Every structure is written in C-alpha cells, then in structure tokens.
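Student: Input file: entry.cif. Contents: mmCIF, C-alpha atoms.
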```
data_structure
loop_
_atom_site.group_PDB
_atom_site.id
_atom_site.type_symbol
_atom_site.label_atom_id
_atom_site.label_comp_id
_atom_site.auth_asym_id
_atom_site.auth_seq_id
_atom_site.Cartn_x
_atom_site.Cartn_y
_atom_site.Cartn_z
ATOM 1 C CA MET W 191 74.227 151.101 97.342
ATOM 2 C CA SER W 192 72.678 148.108 95.579
ATOM 3 C CA GLY W 193 73.973 149.485 92.262
ATOM 4 C CA ALA W 194 77.530 149.558 93.647
ATOM 5 C CA LEU W 195 77.177 146.018 94.998
ATOM 6 C CA GLY W 196 75.835 144.850 91.645
ATOM 7 C CA TYR W 197 78.793 146.483 89.904
ATOM 8 C CA VAL W 198 81.293 144.794 92.272
ATOM 9 C CA ALA W 199 79.537 141.437 91.809
ATOM 10 C CA ALA W 200 79.587 141.837 88.004
ATOM 11 C CA VAL W 201 83.303 142.728 87.999
ATOM 12 C CA ASN W 202 84.040 139.719 90.217
ATOM 13 C CA ILE W 203 82.099 137.376 87.950
ATOM 14 C CA VAL W 204 83.937 138.682 84.865
ATOM 15 C CA ILE W 205 87.374 138.318 86.530
ATOM 16 C CA TRP W 206 86.717 134.830 87.901
ATOM 17 C CA ALA W 207 85.104 133.611 84.706
ATOM 18 C CA GLY W 208 88.181 134.927 82.857
ATOM 19 C CA ILE W 209 90.640 133.093 85.110
ATOM 20 C CA PHE W 210 88.532 129.938 85.081
ATOM 21 C CA GLY W 211 88.151 130.133 81.292
ATOM 22 C CA TYR W 212 91.880 130.699 80.841
ATOM 23 C CA LEU W 213 92.722 127.668 83.000
ATOM 24 C CA VAL W 214 90.235 125.447 81.185
ATOM 25 C CA TYR W 215 91.606 126.487 77.777
ATOM 26 C CA LEU W 216 95.136 125.864 79.048
ATOM 27 C CA TRP W 217 94.115 122.427 80.318
ATOM 28 C CA ALA W 218 92.258 121.670 77.056
ATOM 29 C CA GLY W 219 95.470 122.488 75.166
ATOM 30 C CA ILE W 220 97.634 120.251 77.381
ATOM 31 C CA PHE W 221 95.074 117.438 77.294
ATOM 32 C CA GLY W 222 94.663 117.681 73.521
ATOM 33 C CA TYR W 223 98.437 117.550 73.040
ATOM 34 C CA LEU W 224 98.744 114.482 75.306
ATOM 35 C CA VAL W 225 95.954 112.692 73.416
ATOM 36 C CA TYR W 226 97.701 113.539 70.123
ATOM 37 C CA LEU W 227 101.040 112.199 71.465
ATOM 38 C CA ASP W 228 99.346 109.088 72.828
ATOM 39 C CA ARG W 229 97.790 108.270 69.445
ATOM 40 C CA LYS W 230 101.049 108.973 67.647
ATOM 41 C CA VAL W 231 103.051 106.720 69.995
ATOM 42 C CA ARG W 232 100.417 103.987 69.683
ATOM 43 C CA ALA W 233 100.592 104.190 65.891
ATOM 44 C CA ALA W 234 104.408 104.169 65.910
ATOM 45 C CA SER W 235 104.652 101.096 68.138
ATOM 46 C CA ARG W 236 102.028 99.080 66.238
ATOM 47 C CA PRO W 237 104.261 97.497 63.515
ATOM 48 C CA ASN W 238 106.710 96.254 66.152
ATOM 49 C CA GLN W 239 104.005 94.413 68.056
ATOM 50 C CA GLU W 240 102.991 92.317 65.060
ATOM 51 C CA MET I 194 88.635 95.980 76.865
ATOM 52 C CA VAL I 195 91.920 97.407 78.215
ATOM 53 C CA LYS I 196 91.944 100.006 75.441
ATOM 54 C CA SER I 197 88.407 101.171 76.228
ATOM 55 C CA PHE I 198 89.229 101.257 79.959
ATOM 56 C CA GLY I 199 92.241 103.451 79.181
ATOM 57 C CA PHE I 200 90.056 105.692 77.028
ATOM 58 C CA LEU I 201 87.521 105.964 79.852
ATOM 59 C CA LEU I 202 90.238 106.916 82.358
ATOM 60 C CA LYS I 203 91.621 109.582 80.027
ATOM 61 C CA ALA I 204 88.152 111.002 79.377
ATOM 62 C CA LEU I 205 87.542 111.059 83.148
ATOM 63 C CA LEU I 206 90.839 112.855 83.673
ATOM 64 C CA GLY I 207 90.031 115.431 80.970
ATOM 65 C CA LEU I 208 86.618 116.240 82.423
ATOM 66 C CA GLY I 209 87.788 115.883 86.021
ATOM 67 C CA MET I 210 90.621 118.396 85.679
ATOM 68 C CA ALA I 211 88.244 120.881 83.999
ATOM 69 C CA ALA I 212 85.820 120.361 86.923
ATOM 70 C CA ILE I 213 88.691 120.954 89.375
ATOM 71 C CA CYS I 214 89.530 124.258 87.624
ATOM 72 C CA TRP I 215 85.859 125.191 87.981
ATOM 73 C CA GLY I 216 85.698 124.068 91.609
ATOM 74 C CA ALA I 217 88.954 125.783 92.569
ATOM 75 C CA PHE I 218 87.625 129.205 91.545
ATOM 76 C CA LEU I 219 83.853 129.004 91.646
ATOM 77 C CA TYR I 220 83.018 126.404 94.319
ATOM 78 C CA ALA I 221 85.655 126.416 97.091
ATOM 79 C CA ARG I 222 85.707 129.459 99.346
ATOM 80 C CA PRO I 223 89.058 131.171 99.986
ATOM 81 C CA ALA I 224 90.729 129.984 103.209
ATOM 82 C CA GLN I 225 91.114 132.285 106.199
ATOM 83 C CA ASN I 226 94.392 134.083 107.081
ATOM 84 C CA PHE I 227 95.432 134.466 103.433
ATOM 85 C CA VAL I 228 95.604 137.629 101.364
ATOM 86 C CA GLY I 229 92.582 137.844 99.074
ATOM 87 C CA GLU I 230 92.087 134.739 97.004
ATOM 88 C CA SER I 231 95.694 133.539 97.159
ATOM 89 C CA SER I 232 94.796 130.342 99.034
ATOM 90 C CA ARG I 233 93.248 128.925 95.847
ATOM 91 C CA ILE I 234 96.730 128.152 94.549
ATOM 92 C CA VAL I 235 96.830 125.232 97.017
ATOM 93 C CA PHE I 236 94.719 123.210 94.536
ATOM 94 C CA PHE I 237 97.564 123.300 91.997
ATOM 95 C CA HIS I 238 100.770 124.039 93.886
ATOM 96 C CA VAL I 239 100.608 121.233 96.492
ATOM 97 C CA PRO I 240 99.656 118.438 94.024
ATOM 98 C CA GLN I 241 102.549 119.534 91.773
ATOM 99 C CA ALA I 242 105.022 119.376 94.673
ATOM 100 C CA TRP I 243 103.600 116.020 95.773
ATOM 101 C CA VAL I 244 103.806 114.529 92.271
ATOM 102 C CA SER I 245 107.391 115.731 91.927
ATOM 103 C CA THR I 246 108.351 114.057 95.255
ATOM 104 C CA LEU I 247 106.625 110.861 94.200
ATOM 105 C CA ALA I 248 108.388 110.918 90.824
ATOM 106 C CA PHE I 249 111.818 111.243 92.483
ATOM 107 C CA PHE I 250 111.061 108.168 94.592
ATOM 108 C CA VAL I 251 109.893 106.272 91.494
ATOM 109 C CA ALA I 252 113.147 107.273 89.757
ATOM 110 C CA ALA I 253 115.129 105.875 92.689
ATOM 111 C CA TRP I 254 113.090 102.647 92.724
ATOM 112 C CA TYR I 255 113.683 101.997 89.017
ATOM 113 C CA SER I 256 117.353 102.988 89.344
ATOM 114 C CA TRP I 257 117.759 100.373 92.073
ATOM 115 C CA ARG I 258 115.984 97.849 89.863
ATOM 116 C CA TYR I 259 118.289 98.730 86.973
ATOM 117 C CA LEU I 260 121.408 98.154 89.094
ATOM 118 C CA ARG I 261 120.062 94.724 90.036
ATOM 119 C CA THR I 262 118.685 93.557 86.673
ATOM 120 C CA ARG I 263 120.561 95.691 84.090
ATOM 121 C CA ARG I 264 117.361 95.901 82.068
ATOM 122 C CA ILE I 265 117.458 99.078 79.968
ATOM 123 C CA GLU I 266 113.663 99.450 80.388
ATOM 124 C CA ASP I 267 114.245 100.153 84.080
ATOM 125 C CA ASP I 268 116.733 102.883 83.219
ATOM 126 C CA GLU I 269 114.214 104.413 80.808
ATOM 127 C CA ALA I 270 111.527 104.323 83.515
ATOM 128 C CA ALA I 271 113.907 105.965 86.005
ATOM 129 C CA SER I 272 114.944 108.754 83.650
ATOM 130 C CA ALA I 273 111.318 109.388 82.615
ATOM 131 C CA ALA I 274 110.340 109.691 86.291
ATOM 132 C CA ALA I 275 113.252 112.044 87.049
ATOM 133 C CA ARG I 276 112.346 114.271 84.074
ATOM 134 C CA LEU I 277 108.725 114.347 85.193
ATOM 135 C CA GLY I 278 109.733 115.114 88.786
ATOM 136 C CA PHE I 279 111.929 117.954 87.575
ATOM 137 C CA LEU I 280 109.109 119.394 85.433
ATOM 138 C CA PHE I 281 106.593 119.319 88.304
ATOM 139 C CA CYS I 282 109.219 120.712 90.688
ATOM 140 C CA VAL I 283 109.675 123.700 88.326
ATOM 141 C CA LEU I 284 105.880 124.162 88.186
ATOM 142 C CA ALA I 285 105.644 124.000 92.002
ATOM 143 C CA THR I 286 108.421 126.598 92.257
ATOM 144 C CA VAL I 287 106.681 128.942 89.802
ATOM 145 C CA THR I 288 103.245 128.626 91.444
ATOM 146 C CA GLY I 289 104.852 129.029 94.892
ATOM 147 C CA SER I 290 106.586 132.156 93.695
ATOM 148 C CA ILE I 291 103.295 133.625 92.428
ATOM 149 C CA PHE I 292 101.763 132.875 95.840
ATOM 150 C CA ALA I 293 104.736 134.568 97.550
ATOM 151 C CA ARG I 294 104.221 137.700 95.441
ATOM 152 C CA VAL I 295 100.593 137.975 96.569
ATOM 153 C CA MET I 296 101.214 137.043 100.228
ATOM 154 C CA TRP I 297 104.554 138.686 100.979
ATOM 155 C CA ASN I 298 104.869 141.174 98.109
ATOM 156 C CA SER I 299 107.985 139.521 96.696
ATOM 157 C CA TYR I 300 108.449 136.686 94.229
ATOM 158 C CA TRP I 301 111.436 135.348 96.148
ATOM 159 C CA ASN I 302 112.363 135.610 99.842
ATOM 160 C CA TRP I 303 114.947 132.824 100.324
ATOM 161 C CA ASP I 304 112.555 131.285 102.790
ATOM 162 C CA PRO I 305 113.685 127.761 103.959
ATOM 163 C CA ARG I 306 110.987 126.198 101.759
ATOM 164 C CA GLU I 307 112.056 128.214 98.714
ATOM 165 C CA THR I 308 115.727 127.482 99.339
ATOM 166 C CA SER I 309 115.100 123.752 99.740
ATOM 167 C CA ILE I 310 113.138 123.518 96.476
ATOM 168 C CA VAL I 311 115.966 125.314 94.622
ATOM 169 C CA LEU I 312 118.432 122.786 96.057
ATOM 170 C CA LEU I 313 116.178 119.960 94.905
ATOM 171 C CA LEU I 314 116.037 121.467 91.408
ATOM 172 C CA LEU I 315 119.841 121.666 91.380
ATOM 173 C CA VAL I 316 120.192 118.036 92.552
ATOM 174 C CA TYR I 317 117.886 116.724 89.806
ATOM 175 C CA GLY I 318 119.172 119.223 87.244
ATOM 176 C CA ALA I 319 122.579 117.637 87.826
ATOM 177 C CA TYR I 320 121.022 114.189 87.242
ATOM 178 C CA LEU I 321 119.695 115.335 83.863
ATOM 179 C CA GLY I 322 123.040 116.984 83.106
ATOM 180 C CA LEU I 323 124.871 113.775 83.941
ATOM 181 C CA ARG I 324 122.637 111.789 81.583
ATOM 182 C CA GLY I 325 123.162 114.317 78.821
ATOM 183 C CA ALA I 326 126.932 114.235 79.212
ATOM 184 C CA LEU I 327 127.367 110.469 78.779
ATOM 185 C CA GLU I 328 127.002 108.903 75.355
ATOM 186 C CA ASP I 329 127.495 105.220 76.087
ATOM 187 C CA PRO I 330 123.994 103.968 77.083
ATOM 188 C CA GLU I 331 125.232 101.366 79.561
ATOM 189 C CA ARG I 332 127.624 103.727 81.306
ATOM 190 C CA ARG I 333 124.954 106.443 81.339
ATOM 191 C CA ALA I 334 122.392 104.079 82.846
ATOM 192 C CA THR I 335 124.756 102.769 85.541
ATOM 193 C CA LEU I 336 126.149 106.134 86.636
ATOM 194 C CA SER I 337 122.788 107.891 86.607
ATOM 195 C CA ALA I 338 121.175 105.023 88.550
ATOM 196 C CA ALA I 339 123.867 105.312 91.227
ATOM 197 C CA TYR I 340 123.437 109.092 91.283
ATOM 198 C CA ALA I 341 119.620 108.802 91.574
ATOM 199 C CA LEU I 342 119.999 106.525 94.611
ATOM 200 C CA VAL I 343 122.193 109.117 96.317
ATOM 201 C CA ALA I 344 119.990 112.044 95.204
ATOM 202 C CA VAL I 345 116.799 110.537 96.636
ATOM 203 C CA VAL I 346 118.283 110.738 100.146
ATOM 204 C CA THR I 347 117.995 114.535 99.904
ATOM 205 C CA VAL I 348 114.298 114.446 98.936
ATOM 206 C CA PRO I 349 112.717 113.681 102.359
ATOM 207 C CA PHE I 350 115.184 116.070 103.990
ATOM 208 C CA LEU I 351 114.529 118.970 101.598
ATOM 209 C CA MET I 352 110.793 118.403 101.106
ATOM 210 C CA PHE I 353 109.682 117.364 104.586
ATOM 211 C CA ALA I 354 112.392 117.976 107.218
ATOM 212 C CA VAL I 355 113.781 121.446 106.387
ATOM 213 C CA PRO I 356 110.394 123.237 106.358
ATOM 214 C CA ARG I 357 109.617 121.749 109.788
ATOM 215 C CA MET I 358 113.050 122.438 111.282
ATOM 216 C CA TYR I 359 113.224 126.172 110.577
ATOM 217 C CA GLN I 360 110.854 129.092 111.048
ATOM 218 C CA SER I 361 109.218 129.643 107.681
ATOM 219 C CA LEU I 362 106.798 132.070 106.080
ATOM 220 C CA HIS I 363 105.293 129.099 104.245
ATOM 221 C CA PRO I 364 101.786 128.139 105.406
ATOM 222 C CA ASP I 365 101.227 124.955 107.417
ATOM 223 C CA THR I 366 101.712 121.685 105.592
ATOM 224 C CA VAL I 367 98.533 119.781 104.637
ATOM 225 C CA ILE I 368 98.988 117.486 107.656
ATOM 226 C CA ASN I 369 99.853 120.149 110.219
ATOM 227 C CA ALA I 370 102.022 120.034 113.355
ATOM 228 C CA ARG I 371 99.082 118.634 115.339
ATOM 229 C CA GLY I 372 98.850 115.750 112.850
ATOM 230 C CA LYS I 373 95.505 116.948 111.479
ATOM 231 C CA ILE I 374 94.174 118.045 108.097
ATOM 232 C CA GLU I 375 92.383 121.290 108.879
ATOM 233 C CA MET I 376 90.431 122.190 105.765
ATOM 234 C CA SER I 377 86.795 123.042 105.242
ATOM 235 C CA ALA I 378 84.738 120.418 103.375
ATOM 236 C CA ASP I 379 84.564 122.419 100.110
ATOM 237 C CA ILE I 380 88.358 122.944 100.029
ATOM 238 C CA ARG I 381 89.035 119.332 101.035
ATOM 239 C CA ILE I 382 86.987 117.822 98.189
ATOM 240 C CA ILE I 383 88.617 119.962 95.478
ATOM 241 C CA PHE I 384 92.080 119.535 96.994
ATOM 242 C CA PHE I 385 92.023 115.729 97.165
ATOM 243 C CA SER I 386 90.373 115.469 93.729
ATOM 244 C CA SER I 387 93.205 117.599 92.394
ATOM 245 C CA MET I 388 95.795 115.338 94.067
ATOM 246 C CA VAL I 389 94.265 112.288 92.356
ATOM 247 C CA ALA I 390 93.984 114.091 88.994
ATOM 248 C CA PHE I 391 97.607 115.274 89.088
ATOM 249 C CA MET I 392 98.812 111.770 89.966
ATOM 250 C CA ALA I 393 96.785 110.305 87.085
ATOM 251 C CA LEU I 394 98.128 112.981 84.723
ATOM 252 C CA SER I 395 101.718 112.351 85.790
ATOM 253 C CA TYR I 396 101.280 108.582 85.413
ATOM 254 C CA TRP I 397 100.017 109.102 81.859
ATOM 255 C CA MET I 398 102.938 111.410 81.023
ATOM 256 C CA TRP I 399 105.443 108.983 82.563
ATOM 257 C CA ASN I 400 103.981 106.102 80.588
ATOM 258 C CA LEU I 401 104.103 108.120 77.365
ATOM 259 C CA ASP I 402 107.746 109.051 77.972
ATOM 260 C CA ARG I 403 108.663 105.382 78.553
ATOM 261 C CA ARG I 404 106.877 104.303 75.374
ATOM 262 C CA VAL I 405 108.654 106.989 73.338
ATOM 263 C CA SER I 406 112.032 105.888 74.768
ATOM 264 C CA ARG I 407 111.273 102.284 73.821
ATOM 265 C CA ILE I 408 110.347 103.227 70.243
ATOM 266 C CA VAL I 409 113.503 105.353 69.881
ATOM 267 C CA ARG I 410 115.650 102.479 71.213
ATOM 268 C CA GLU I 411 114.023 99.907 68.938
ATOM 269 C CA ARG I 412 114.422 102.119 65.889
ATOM 270 C CA ALA I 413 118.066 102.834 66.700
ATOM 271 C CA ALA I 414 118.856 99.099 67.020
#
```
Mind turning this structure into structure tokens?

Tutor:
Amino acid sequence: MSGALGYVAAVNIVIWAGIFGYLVYLWAGIFGYLVYLDRKVRAASRPNQE
Amino acid sequence: MVKSFGFLLKALLGLGMAAICWGAFLYARPAQNFVGESSRIVFFHVPQAWVSTLAFFVAAWYSWRYLRTRRIEDDEAASAAARLGFLFCVLATVTGSIFARVMWNSYWNWDPRETSIVLLLLVYGAYLGLRGALEDPERRATLSAAYALVAVVTVPFLMFAVPRMYQSLHPDTVINARGKIEMSADIRIIFFSSMVAFMALSYWMWNLDRRVSRIVRERAA
C-alpha cells in the first residue's frame, strides 16, 4: 500500500516538476528576448538623444 | 537612478513571474468543483484576458488623444496597445480552450464567453487590418483612431455583459454574482501576484513597441 502511494507521489512530483520546469524555461526565453530587445532599442535610440 | 530603478523592476518581474509559475503548480491547491488540476489555469488565463481588456481601453484613450492633438506619438501608443491587446486576447482564447478541453471534453463549445471573445478578436483584427491597408500615415492614424473609439464600445459588452446575461459553462467571474471574491488564501496570493506581473509585463512590451515605432519613424524621416 505504502509502495503504491510512494509510486503515485513520485509520478506526481515528476509530472508537476516537468510542467513547472517547462513554464519557467518558456518564461526565461520570453524574458531573455525582451531584455535583448530592450537593450537593442536603447542602443538604437542613443545617437538621436545626443 | 531611473535606469537602475527600471533594471530593478525588470529583475523583480523576471524573478516574480518564475515564482508565480512555481506557486501556481507547487503552492496553490486546486480549487473545488473543477476537473483535476484544471483550475490552475486561472493564474494565467484571467490575467491575460484582463490585460487585453485594459490594452483595448488604453488604445481608445490614445486614439481619442490623437484626434484631439494630432500627435503621431499618440497614434503609435494606440496601435501598440491594440496589438498588445490582440496578442493577449489570442493567448486568453488559447488557454481558455485548453481549459474547456479538460473541463468539458471539447476545445470549443460556442459558449457565450467563447463566442464573445471570438467577436472581440474579429473587431480588433479588423483594426489591425485597417491599419495595414492604409499607406498614408495621417489618414491611417485618423481612420484607425476613429475605428478604435467605436470598437471600444463593444469591449465592456463582450467581456463583462454577455457572460452575465446568458447561461454559460464558464466558471464564475473573479468578482462573483454576490459581489465577492471567493478564493482561498493560497489561490488569492498567486492570482493577484500574477495579475500585477502580467500588467507589468504588458506595460514593458507596450513601451518597447512605442520606442521601436519612434525609432522607425525617425529613421524614415
């Protein structure tokens, strides 16, 4: 009984960690791209501000 | 000073959204009366719909300003907001559809809420189409500003009135019919943090879009 519960708990942890990990990687990608764009736009607008 | 404050806000947003992803799946418990874990989508779906509504109102506000001042910056702000609203509206539709598949075993049911969001997508899709079809910047700005002011009238009706007027499969709105927010403390904290994070994210994206438009305009001149 406890073995079955342990198995279910382990499967749940793996699934949730997978979804959570996937979302965090997705967010890290979006965030990284926005930071990259932000820096690029800042650099592009710099000569005009002088 | 301003630059470091901006950096701090962005860093907070980056870490905060990651914490929300963690909290949504590993901290908040699933709500009652939902199939399995489907209620967790509320942490992403509702903020997306809210941000899209807000963006459509911002688009209308800047369109009105453009018609009064004829400043092209206001037109750029309006079109950036409409694009952002459209993007978040698409995301809300997709996440809602995933929820529908889990809850009602079908991605699409033509529920009043689903129908109203499709209409909203069509209304703002037409706005983007109108902008794309006109080449003269002044004519484009004037016509699309007038259109945005008409289009925004449909937003409260489609987002807030229709789902309350007809029987719907859609779960209760955040502020329910009794005028209360009925969420457990763990759900409430993640939900409202997510609302703030999505608004901050959309503000950043809107600002970026406006800055890009300005650079493009200055380079073209």

Student: Any idea what the distance is between atom CA of I:Ala224 and atom CA of I:Phe385?

Tutor: 15.5 Å

Student: Apply the PyMOL selection byres ((chain W) within 10 of (chain I)) to the structure shown and report the selected residues as a ChimeraX atom specification.

Tutor: /W:203,206-207,209-218,220-222,224-225,227-228,230-232,234-235,238

Student: May I ask for the distance between atom CA of I:Ser387 and atom CA of I:Trp243, given in Å to one decimal place?

Tutor: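 Going from atom CA of I:Ser387 over to atom CA of I:Trp243 covers 11.0 Å.
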
Student: Work out how far apart atom CA of W:Arg236 and atom CA of I:Tyr259 are and give it in Å to one decimal.

Tutor: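 Value for the atom CA of W:Arg236-atom CA of I:Tyr259 distance: 26.4 Å.
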
Student: Decode the PyMOL selection byres ((chain I and resi 223) around 12) for the given file into explicit residues and return them as a list in words.

Tutor: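 For this structure, the PyMOL selection byres ((chain I and resi 223) around 12) resolves to Gly216, Ala217, Phe218, Leu219, Tyr220, Ala221, Arg222, Ala224, Gln225, Asn226, Phe227, Val228, Gly229, Glu230, Ser231, Ser232, Arg233, Ile234, Val235, Phe236, Met376, Ser377, Asp379, Ile380 and Arg381 of chain I.
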
Student: Take the PyMOL selection byres ((chain I and resi 293-299) around 9), run it mentally on this structure, and tell me the resulting residues as a ChimeraX atom specification.

Tutor: /I:227-229,231,288-292,300-302,362-363

Student: Find the spatial neighbours of stretch 322-335 of chain I, counting all atoms listed in the file, within a cut-off of 10 Å - ignore same-chain residues fewer than 3 positions away - and output them as an mmCIF file with C-alpha atoms, in the coordinates of the input.

Tutor:
```cif
data_model
loop_
_atom_site.group_PDB
_atom_site.id
_atom_site.type_symbol
_atom_site.label_atom_id
_atom_site.label_comp_id
_atom_site.auth_asym_id
_atom_site.auth_seq_id
_atom_site.Cartn_x
_atom_site.Cartn_y
_atom_site.Cartn_z
ATOM 1 C CA SER I 256 117.353 102.988 89.344
ATOM 2 C CA TRP I 257 117.759 100.373 92.073
ATOM 3 C CA TYR I 259 118.289 98.730 86.973
ATOM 4 C CA LEU I 260 121.408 98.154 89.094
ATOM 5 C CA ARG I 263 120.561 95.691 84.090
ATOM 6 C CA ARG I 264 117.361 95.901 82.068
ATOM 7 C CA ILE I 265 117.458 99.078 79.968
ATOM 8 C CA ASP I 267 114.245 100.153 84.080
ATOM 9 C CA ASP I 268 116.733 102.883 83.219
ATOM 10 C CA GLU I 269 114.214 104.413 80.808
ATOM 11 C CA ALA I 271 113.907 105.965 86.005
ATOM 12 C CA SER I 272 114.944 108.754 83.650
ATOM 13 C CA VAL I 316 120.192 118.036 92.552
ATOM 14 C CA TYR I 317 117.886 116.724 89.806
ATOM 15 C CA GLY I 318 119.172 119.223 87.244
ATOM 16 C CA ALA I 319 122.579 117.637 87.826
ATOM 17 C CA ALA I 338 121.175 105.023 88.550
ATOM 18 C CA ALA I 339 123.867 105.312 91.227
ATOM 19 C CA TYR I 340 123.437 109.092 91.283
ATOM 20 C CA ALA I 341 119.620 108.802 91.574
#
```

Student: Would you kindly return, as an mmCIF file with C-alpha atoms, in the frame of the given file, each protein, DNA or RNA residue with an atom no farther than 10 Å from any atom of I:Ser245, considering only C-alpha atoms and excluding same-chain residues fewer than 2 positions away?

Tutor:
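Wrote part.cif, looks like this:
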```cif
data_model
loop_
_atom_site.group_PDB
_atom_site.id
_atom_site.type_symbol
_atom_site.label_atom_id
_atom_site.label_comp_id
_atom_site.auth_asym_id
_atom_site.auth_seq_id
_atom_site.Cartn_x
_atom_site.Cartn_y
_atom_site.Cartn_z
ATOM 1 C CA VAL I 239 100.608 121.233 96.492
ATOM 2 C CA PRO I 240 99.656 118.438 94.024
ATOM 3 C CA GLN I 241 102.549 119.534 91.773
ATOM 4 C CA ALA I 242 105.022 119.376 94.673
ATOM 5 C CA TRP I 243 103.600 116.020 95.773
ATOM 6 C CA LEU I 247 106.625 110.861 94.200
ATOM 7 C CA ALA I 248 108.388 110.918 90.824
ATOM 8 C CA PHE I 249 111.818 111.243 92.483
ATOM 9 C CA PHE I 250 111.061 108.168 94.592
ATOM 10 C CA VAL I 251 109.893 106.272 91.494
ATOM 11 C CA ALA I 274 110.340 109.691 86.291
ATOM 12 C CA ALA I 275 113.252 112.044 87.049
ATOM 13 C CA ARG I 276 112.346 114.271 84.074
ATOM 14 C CA LEU I 277 108.725 114.347 85.193
ATOM 15 C CA GLY I 278 109.733 115.114 88.786
ATOM 16 C CA PHE I 279 111.929 117.954 87.575
ATOM 17 C CA LEU I 280 109.109 119.394 85.433
ATOM 18 C CA PHE I 281 106.593 119.319 88.304
ATOM 19 C CA CYS I 282 109.219 120.712 90.688
ATOM 20 C CA VAL I 283 109.675 123.700 88.326
ATOM 21 C CA LEU I 284 105.880 124.162 88.186
ATOM 22 C CA ALA I 285 105.644 124.000 92.002
ATOM 23 C CA VAL I 348 114.298 114.446 98.936
ATOM 24 C CA MET I 392 98.812 111.770 89.966
ATOM 25 C CA SER I 395 101.718 112.351 85.790
#
```

Student: Centre and edge lengths, as lines of an AutoDock Vina configuration file, for the axis-aligned box enclosing every listed atom of stretch 289-304 of chain I with 3 Å of padding on each of the six sides, in Å to one decimal?

Tutor:
```
center_x = 107.8
center_y = 135.1
center_z = 97.6
size_x = 20.4
size_y = 18.1
size_z = 16.4
```
